[in-house]
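Okay, structure first, notes after.
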Amino acid sequence: MRNQMAIVFYCSRLLAFAIASTAFASEAAAAEEIKIGGTGNALGTMRLLGAAFAKQNPGVNVTVLPSLGTSGAVKAIPKGAIDIGVAARQLTEEERKLGTISLEYARSPLVFAVSTRTQVTALTLDQIADIYSGKMTNWPDGSQIRPVLRQVGDDTTQQIRHMSPALDQAVSAAEQRPGMPFATTDQEAADKTESIPGAMGVATLSLINSENRPLRALTLDGVEPTVGNAASGKYPHAKRFFLIAGAAPSAAVRRFIAFMQSPAGREILIRSGNWIP
Amino acid sequence: MPTTDKKVTSIVTRVALAVALAVTFVLPLGYWVIAYNDFSSQLEFKARVKATALSGLIATLPEVWMYAENRLQGLLTREPVPLDTEAVKVYDVRGELLAQAGKTPLSPVLRRSYLVYDAARVAGRVEVSDSLRRIWYGTAIAAALGILLGGSVFIALRTFPLRALRRVAEDLSANHAKLAESSILLQQEIRKQQLATERAEYLAYYDVLTGLANRTLFLERVAQFMRSAAGSGHKLALFLFDLERFKNINDSLGRPSGDALLKQVAEWLTRNAGNANLFARIDADHFAIVLPEVKRDGDVARLLEKTLGDFLEHPFHLNDAVFRIAAKVGAALFPDDGADADTLFRNAEAALKKAKARGDRYLFYTQTMTDTVAVTLTLENQLRQALDNEEFVLHYQPKVSLANGKLTSAEALIRWNDPRTGLVPPGQFIPVLEETGLIYEVGRWALRKAIEDYLRWRAAGLPAVRIAVNVSPLQLRSSGFIEEIRQVISVDANAPAGLELEITESLIMEDVKHNIASLQAIRTLGVVIAIDDFGTGFSSLAYLAKLPVDTLKIDRSFVIDMTAGPQGLALVSTIINLAHSLKLKVVAEGVETEEQSRLLRLLSCDEMQGFLFSKPVPSEIFETRFLAPLPDRATLTQDAQTSS
């Protein structure tokens with residue numbers, strides 16, 4: 001596993017270098033456009049990166065689209081509908097065959113979050129399973145707990161199902177419960193977690209920080225979901241972010257990727273609740 | 001009956017089958033139609049809901065929404081409502097499948113689509129599909145129920161009505177004979193009732209024994225006659241007829257004999273009057289008679305006399321014996337004795353009661369009427385006797401010349417010398433003579449007597465003058481009148497020169513054409529003719545010129561008016577001039593004063609007659625006073641001349 005990850009990392013470095021060198025070679029192009037789309041958890045960070053990049057490259061217009069989801073980005077890249085995609089998973093073999101390239105650029109703790117108004121700071125995985133299954137319906141102050149659900153095939157949902165068998169069953173049960181709040185995007189999930197009283201949703205620290213959201217990432221089984229705890233493996237749940245692009249990325253795209261690799265870019269990533277693996 | 005039975009069975013079976021089939025098919029068909037439509041609209045609605053949710057996504061990601069697979073999935077699966085059993089597919093405008101959610105439904109499948117819009121632009125299409133199996137299952141159950149229900153309906157509709165019909169048919173055939181029998185009985189009963197009604201109606205208006213009208217019908221008829229009498233202004237008489245000694249006959253010979261007598265009386269009455277409608281049997285031995293038209297009171301009296309007389313003389317046959325029955329009558333006259341039929345009838349009853357009490361043969365309700373009738377009848381009898389006993393005499397009134405005062409002729413006037421009361425004034429008996437027809441005989445007697453006197457005077461060598469005799473209407477109308485004249489004057493060749501006929505103007509004018517011929521014939525016999533009472537009969541001047549007459553007598557009323565004023569004088573003058581222009585001699589009647597005499601002479605009137613010269617006098621006096629050559633006569637003539 002570690003070996004595999006190392007290879008991927010190497011490859012991505014290589015790619016990044018290649019992209020950056022070609023980018024520098026064709027700097028003359030003016031009023032270039034970079035359209036970025038993909039998984040919602042990464043979009044806030046991308047906006048911060050885009051803004052910083054645009055400052056340095058006045059001729060380049062960076063647009064970050066609302067959430068397309070990982071699959072949306074994967075599909076849109078080969079079609080040229082977007083220039084840079086952000087995905088929360090690795091490409092499949094078939095996706096690679098279409099010429100799409102990807103590199104993992106950051107990771108962020110996957111967290112259970114509540115509104116900052118909610119007087120809860122920590123939960124156990126069992127408690128979370130009970131919340132999804134409906135066994136636990138009230139917060140300690142007596143208010144109603146309202147878990148925000150995501151679509152069945154969503155990668156975040158898949159990820160929390162793997163946290164424990166109890167939670168897997170609980171999520172299945174929750175999907176059958178009527179009247180549950182539902183969100184189709186990461187942003188919508190964050191919005192609903194913020195706005196629905198007693199709501200609890202799944203997010204990344206990256207999303208909370210980059211978008212400056214009034215959400216509290218909950219301590220899970222006694223471990224606080226900080227970048228440090230996540231990077232050290234003490235907090236075991238994280239989201240991996242991959243940058244994907246077409247087989248022949250534009251100079252601007254190459255420059256943007258280079259900017260992400262730059263100290264300025266890395267700083268923005270870390271400040272946004274990510275760590276670079 | 002069996003054919004009808006089969007027909008009914010067939011009809012009922014067909015109807016039952018039709019209804020059953022309808023029920024069988026309508027139930028599943030209805031279910032299917034309703035469920036299908038409902039299902040279809042559900043799917044349509046879901047497609048629309050999903051399309052609307054998709055439009056929200058497209059607005060957020062106009063260029064790339066089709067790639068946002070995860071979001072599309074989320075939308076299709078849960079937003080805004082979770083999928084149930086249906087499958088959802090999203091196609092782009094080219095028809096390429098973009099995303100799908102839900103399980104593939106089992107066939108047969110119903111699909112409903114809805115277009116997805118990006119603002120006004122069509123961006124794709126949502127298709128919602130679901131299995132129709134549930135509806136098919138439902139329809140199958142409904143079909144099973146339909147068959148069950150249809151079967152029940154068929155059995156119910158066919159079996160029960162047919163059973164009921166058969167029962168009714170059996171009952172009907174059982175009762176058929178009874179009904180037919182009842183029908184005949186009913187018809188007989190109806191006929192009986194009709195006859196009874198007719199009988200009752202007959203009894204209400206007719207007397208069963210005699211067949212004459214009863215009191216009710218009689219009074220209705222009398223009321224009718226009264227209306228007609230009132231309209232034409234004549235009188236009506238009602239008589240109640242009571243058989244005397246009828247009770248004795250009834251008691252001694254028995255009721256059947258009494259009834260037979262009553263029948264005979266009714267027959268006699270009908271036969272004698274001719275019109276059965278005028279009779280009625282009131283009760284027992286009471287009959288009623290109505291005379292619808294009475295012109296003169298005398299008619300009533302004569303009819304009563306004659307009828308009662310004839311009745312008494314009629315022989316009624318009972319049990320081989322002959323009976324003569326007397327009757328008493330109560331009479332009432334309309335309008336004198338009652339204005340309505342009931343009152344008239346009651347008063348006739350009262351009169352009858354009184355007649356029976358007093359023993360009179362008949363009585364009128366009003367005493368004066370009874371008296372008048374009595375007088376008339378008495379007079380009539382007396383006049384008959386007078387004719388037989390030669391109690392009539394002729395008096396003569398002289399006519400004298402106004403020019404020289406000499407006697408020219410005389411008018412013969414009939415007088416009745418009643419041995420009991422002496423001379424009766426002509427006004428009292430002449431009308432009775434005319435009513436009774438006695439005038440005919442009396443008139444003939446007068447003609448003969450006048451000729452007789454004339455011839456006697458002539459034979460005696462006296463200067464005999466023509467004698468004028470009045471002709472009554474009855475005489476003139478008689479077809480044998482001319483022959484009678486001829487016979488009267490045939491006694492002597494000189495007789496015609498002694499006779500003058502005075503005929504009233506009105507009588508001549510009654511049938512002027514016929515009379516002209518008659519008068520012409522009489523004149524050829526040598527008899528002179530005078531128009532009497534001239535000026536009262538409205539002569540036609542055209543005929544006046546043609547009338548074969550010799551003399552015109554001015555009515556006394558003109559002579560009286562002559563001295564009253566210039567108009568009266570002018571009238572007499574005109575008459576005289578008219579007569580003269582027609583070559584007629586003019587005689588003024590009723591001259592009573594010297595003044596009248598002078599004026600008439602002044603107007604060139606030829607002769608005069610009246611009390612001024614002499615009243616009518618018996619033949620002996622006339623003979624001695626006016627015919628005999630005596631100093632008296634000369635003196636009288638002299639007086640007349642002196643006074644004029």
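Letters A, B, ... go to the chains of the structure tokens in the order shown; residues in each chain start at 1; ligands are counted from 1 in the same order.
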Checklist entry - What are the residues of chain A that have an atom within 12 Å of an atom of chain B, counting only C-alpha atoms, as a ChimeraX atom specification? => result /A:35-40,64-83,85,87,149-157,175-188
Item to check | Per-residue DSSP, range 140-173 of chain A, filtered to alpha helix (DSSP H), as JSON, numbers by chain | outcome: {"A": [155, 156, 157, 158, 159, 160, 161, 165, 166, 167, 168, 169, 170, 171, 172, 173]}
Next on the checklist: So that I can check the surroundings of Pro236 in chain A, please list as an NGL selection string every protein, DNA and RNA residue that reaches within 12 Å of it, counting only C-alpha atoms and ignoring chain neighbours fewer than 6 positions away.
Outcome noted: :A and (107-111 or 159-160 or 162-163 or 219-221 or 223-230)
